[in-house]
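A short write-up of the structure that comes next.
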Amino acid sequence: MNILIVDDSKAMRMIVRRTLREAGYAGHELKEAGNGVGALEAIKSESFDLILSDWNMPEMSGLELLQKLKNDGTQVKFGFVTSESSAEMKVKAIEEGALFLITKPFTAETFRSALQPILNC
Amino acid sequence: MSTPMQAAYQTAVDEAVTSLFHTMLATDVVPAEPKDTHQETVTALIGFGGNWRGAFEFECGRPEALVFARRFMQAEDLTEFNEDVRDTVGELANVIAGNLKSVLPSGLTMSAPTIIEGKDYKIRVCGGKLLGSATFSTDAGCFTVRLIEDPK
């Protein structure tokens, strides 16, 4: 399984990688992008089974990325990993097609709970 | 006397800071008295816009920032103050500020973190009103967080 981690913080991308390993997803292929624009470039060159994206990023936010993918007809599972935890954002994320919204700070168990139903592993 | 918003902020910041440091740095935090150390300091500043305007600050000494980054990234080989440390301080501020959105008015946008470094500097949000300030102590040293409202 090919997973794309999108976050403007290198430290946070590293922590998401580590948490995925701790949650039992060590065997998956993990790629990274620093914002929505970088994610779109990565998606042009290879297909992904899941995108884990921050919300608030420079150039193109996670929400703009999700909307762009939807408008382009790109079929990919999408979840947010974000520090912003307001109820309105959760509603907006689901309305736009995100499967889940993980709030920072998170644990391996948080990832397992969010990913297990959609990755079936 | 604190306003309801200040009281809600204080509770939210305590919870956000404790949860973040416990979960992602394996570090316990306790409330502490602010110290004026005059040491080399690093501050991450997050701006709020939209239906409520203001700023959130996370401030600590450079040595503390280095330890926090080492723990956050689980990078024992991180021994110099570099971009990874600045990135970590910015992300710590980002996570706490993001968690605070639940007690701030809806319809807010958050800026990316701005990092400020130096010695004996003060940050002023022009016309800004300090809504809350809290200092926390850890085994690696102290840090302070502040929420400032821009009533303009």
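Residues are named by chain letter and number: chains run A, B, ... in the order of the structure tokens, numbers start at 1 in each chain, and ligands are numbered from 1 in the order shown.
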Report as a tab-separated table the residues of chain A within 10 Å of chain B, each with its shortest atom pair and distance in Å (one decimal), using only C-alpha atoms, ordered by chain and increasing residue number.
residue	atom	partner	partner_atom	distance
A:Asp8	CA	B:Ala112	CA	9.1
A:Ser9	CA	B:Asp87	CA	6.2
A:Lys10	CA	B:Asp87	CA	7.1
A:Ala11	CA	B:Thr88	CA	6.1
A:Met12	CA	B:Glu91	CA	7.4
A:Arg13	CA	B:Met73	CA	9.8
A:Met14	CA	B:Met73	CA	7.0
A:Ile15	CA	B:Met73	CA	6.5
A:Arg18	CA	B:Met73	CA	9.1
A:Asn56	CA	B:Met110	CA	7.4
A:Met57	CA	B:Ala112	CA	7.0
A:Pro58	CA	B:Ala112	CA	7.2
A:Thr82	CA	B:Val95	CA	7.9
A:Ser83	CA	B:Val95	CA	4.6
A:Glu84	CA	B:Gly98	CA	4.1
A:Ser85	CA	B:Asn99	CA	5.9
A:Ser86	CA	B:Ser102	CA	5.1
A:Ala87	CA	B:Ser102	CA	7.7
A:Glu88	CA	B:Ser106	CA	7.7
A:Met89	CA	B:Gly107	CA	9.4
A:Thr103	CA	B:Asn99	CA	8.4
A:Lys104	CA	B:Val95	CA	6.2
A:Pro105	CA	B:Leu20	CA	5.4
A:Phe106	CA	B:Thr23	CA	7.0
A:Thr107	CA	B:Thr23	CA	6.8
Could you write out that same residue set with N, CA and C atoms as a PDB file, in the first residue's frame?
ATOM      1  N   ASP A   8       3.610  20.592   6.074  1.00  0.00           N
ATOM      2  CA  ASP A   8       4.697  21.553   5.838  1.00  0.00           C
ATOM      3  C   ASP A   8       5.785  21.446   6.897  1.00  0.00           C
ATOM      4  N   SER A   9       5.542  20.716   7.950  1.00  0.00           N
ATOM      5  CA  SER A   9       6.560  20.520   8.985  1.00  0.00           C
ATOM      6  C   SER A   9       7.278  19.190   8.764  1.00  0.00           C
ATOM      7  N   LYS A  10       8.588  19.278   8.557  1.00  0.00           N
ATOM      8  CA  LYS A  10       9.397  18.056   8.384  1.00  0.00           C
ATOM      9  C   LYS A  10       9.339  17.199   9.653  1.00  0.00           C
ATOM     10  N   ALA A  11       9.381  17.894  10.802  1.00  0.00           N
ATOM     11  CA  ALA A  11       9.327  17.161  12.080  1.00  0.00           C
ATOM     12  C   ALA A  11       8.025  16.381  12.188  1.00  0.00           C
ATOM     13  N   MET A  12       6.914  17.012  11.794  1.00  0.00           N
ATOM     14  CA  MET A  12       5.622  16.322  11.904  1.00  0.00           C
ATOM     15  C   MET A  12       5.528  15.172  10.898  1.00  0.00           C
ATOM     16  N   ARG A  13       6.083  15.338   9.698  1.00  0.00           N
ATOM     17  CA  ARG A  13       6.072  14.228   8.722  1.00  0.00           C
ATOM     18  C   ARG A  13       6.825  13.035   9.304  1.00  0.00           C
ATOM     19  N   MET A  14       7.939  13.328   9.975  1.00  0.00           N
ATOM     20  CA  MET A  14       8.730  12.268  10.592  1.00  0.00           C
ATOM     21  C   MET A  14       7.918  11.566  11.689  1.00  0.00           C
ATOM     22  N   ILE A  15       7.164  12.351  12.457  1.00  0.00           N
ATOM     23  CA  ILE A  15       6.375  11.775  13.550  1.00  0.00           C
ATOM     24  C   ILE A  15       5.206  10.947  13.000  1.00  0.00           C
ATOM     25  N   ARG A  18       6.676   7.686  12.023  1.00  0.00           N
ATOM     26  CA  ARG A  18       6.976   6.881  13.214  1.00  0.00           C
ATOM     27  C   ARG A  18       5.690   6.306  13.799  1.00  0.00           C
ATOM     28  N   ASN A  56      -3.645  23.099   7.471  1.00  0.00           N
ATOM     29  CA  ASN A  56      -3.139  24.452   7.293  1.00  0.00           C
ATOM     30  C   ASN A  56      -1.712  24.411   6.757  1.00  0.00           C
ATOM     31  N   MET A  57      -1.546  24.694   5.461  1.00  0.00           N
ATOM     32  CA  MET A  57      -0.211  24.661   4.852  1.00  0.00           C
ATOM     33  C   MET A  57      -0.085  25.825   3.871  1.00  0.00           C
ATOM     34  N   PRO A  58       1.136  26.312   3.632  1.00  0.00           N
ATOM     35  CA  PRO A  58       1.330  27.391   2.660  1.00  0.00           C
ATOM     36  C   PRO A  58       1.081  26.896   1.230  1.00  0.00           C
ATOM     37  N   THR A  82      -4.377  16.978  11.678  1.00  0.00           N
ATOM     38  CA  THR A  82      -4.274  18.433  11.849  1.00  0.00           C
ATOM     39  C   THR A  82      -4.380  18.843  13.315  1.00  0.00           C
ATOM     40  N   SER A  83      -3.817  19.995  13.612  1.00  0.00           N
ATOM     41  CA  SER A  83      -3.893  20.501  14.990  1.00  0.00           C
ATOM     42  C   SER A  83      -5.220  21.194  15.255  1.00  0.00           C
ATOM     43  N   GLU A  84      -5.944  21.517  14.192  1.00  0.00           N
ATOM     44  CA  GLU A  84      -7.160  22.317  14.349  1.00  0.00           C
ATOM     45  C   GLU A  84      -8.357  21.395  14.545  1.00  0.00           C
ATOM     46  N   SER A  85      -9.032  21.589  15.654  1.00  0.00           N
ATOM     47  CA  SER A  85     -10.005  20.569  16.054  1.00  0.00           C
ATOM     48  C   SER A  85     -11.415  21.111  16.236  1.00  0.00           C
ATOM     49  N   SER A  86     -11.748  22.201  15.549  1.00  0.00           N
ATOM     50  CA  SER A  86     -13.083  22.761  15.748  1.00  0.00           C
ATOM     51  C   SER A  86     -14.129  21.862  15.090  1.00  0.00           C
ATOM     52  N   ALA A  87     -15.337  21.921  15.623  1.00  0.00           N
ATOM     53  CA  ALA A  87     -16.433  21.092  15.106  1.00  0.00           C
ATOM     54  C   ALA A  87     -16.734  21.453  13.654  1.00  0.00           C
ATOM     55  N   GLU A  88     -16.651  22.743  13.333  1.00  0.00           N
ATOM     56  CA  GLU A  88     -16.973  23.162  11.960  1.00  0.00           C
ATOM     57  C   GLU A  88     -15.976  22.573  10.957  1.00  0.00           C
ATOM     58  N   MET A  89     -14.723  22.438  11.367  1.00  0.00           N
ATOM     59  CA  MET A  89     -13.726  21.852  10.460  1.00  0.00           C
ATOM     60  C   MET A  89     -13.979  20.369  10.239  1.00  0.00           C
ATOM     61  N   THR A 103      -6.729  14.515  15.170  1.00  0.00           N
ATOM     62  CA  THR A 103      -6.271  15.769  15.766  1.00  0.00           C
ATOM     63  C   THR A 103      -4.920  15.567  16.454  1.00  0.00           C
ATOM     64  N   LYS A 104      -3.985  16.488  16.180  1.00  0.00           N
ATOM     65  CA  LYS A 104      -2.708  16.492  16.887  1.00  0.00           C
ATOM     66  C   LYS A 104      -2.932  17.072  18.283  1.00  0.00           C
ATOM     67  N   PRO A 105      -2.340  16.574  19.320  1.00  0.00           N
ATOM     68  CA  PRO A 105      -1.423  15.432  19.352  1.00  0.00           C
ATOM     69  C   PRO A 105      -2.179  14.105  19.238  1.00  0.00           C
ATOM     70  N   PHE A 106      -1.483  13.107  18.693  1.00  0.00           N
ATOM     71  CA  PHE A 106      -2.120  11.806  18.469  1.00  0.00           C
ATOM     72  C   PHE A 106      -1.211  10.697  18.981  1.00  0.00           C
ATOM     73  N   THR A 107      -1.796   9.500  19.064  1.00  0.00           N
ATOM     74  CA  THR A 107      -1.020   8.323  19.477  1.00  0.00           C
ATOM     75  C   THR A 107      -1.127   7.265  18.378  1.00  0.00           C
TER      76      THR A 107
END
Original post:
Which parts of range 37-86 of chain B does DSSP call alpha helix (DSSP H) when run on the backbone here, written out as an NGL selection string?
Top reply: :B and (62-73 or 83-86)
**OP:** If you run DSSP over the backbone, which residues in chain B end up strand (DSSP E)? Put them as a PyMOL selection string.
**Re:** chain B and resi 30-32+40-50+54-61+108-110+114-119+129-138+141-149
Subject >> Contacts of range 114-129 of chain B within 7 Å, only C-alpha atoms, excl. fewer than 6 positions in-chain, as a list of chain:residue names >> reply: B:His38, B:Gln39, B:Glu40, B:Thr41, B:Val42, B:Thr43, B:Ala44, B:Leu45, B:Ile46, B:Arg86, B:Gly90, B:Ile148, B:Glu149, B:Asp150, B:Pro151
Keeping only C-alpha atoms, write the selected residues to a file as a compact mmCIF listing (two decimals), in the first residue's frame.
# COMPACT_ATOMS: atom_id res chain seq x y z
CA HIS B 38 17.84 37.01 29.63
CA GLN B 39 19.08 33.95 27.78
CA GLU B 40 18.99 33.28 24.05
CA THR B 41 15.33 32.78 23.35
CA VAL B 42 13.20 31.40 20.53
CA THR B 43 9.56 32.32 19.97
CA ALA B 44 7.02 30.81 17.60
CA LEU B 45 4.19 33.19 16.72
CA ILE B 46 0.90 32.09 15.17
CA ARG B 86 12.92 25.82 14.59
CA GLY B 90 6.81 26.14 15.24
CA ILE B 148 -3.11 38.06 22.62
CA GLU B 149 -6.31 39.57 21.24
CA ASP B 150 -6.20 42.30 18.64
CA PRO B 151 -9.50 44.14 19.24
Subject >> Shell of 8 Å around range 20-27 of chain A, only C-alpha atoms, local chain residues under 6 positions omitted, as a PyMOL selection string >> reply: chain A and resi 108-109+111-112
Mind writing the picked residues with C-alpha atoms as a JSON list (two decimals), in the first residue's frame?
[["chain", "number", "residue", "atom", "x", "y", "z"],
["A", 108, "ALA", "CA", -0.48, 5.09, 17.57],
["A", 109, "GLU", "CA", -3.88, 3.96, 18.86],
["A", 111, "PHE", "CA", -4.00, 6.10, 13.94],
["A", 112, "ARG", "CA", -5.00, 2.44, 14.31]]
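For the atom pair formed by CA of Pro113 in chain B and CA of Gly62 in chain A, the distance is 16.6 Å, given to one decimal.
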**OP:** Might you pull out every residue within 7 Å of Gly34 in chain A, with only C-alpha atoms counted and same-chain residues fewer than 2 positions away left off, and present them as a list of chain:residue names?
**Re:** A:Val6, A:Asp7, A:Asp8, A:Glu32, A:Gly38
**OP:** Rounded to one decimal place, report the CA of Glu46 in chain A-CA of Asp72 in chain A distance in Å.
**Re:** 15.4 Å
Original post:
In Å to one decimal, how far is CA of Arg146 in chain B from CA of Pro63 in chain B?
Top reply: 20.1 Å
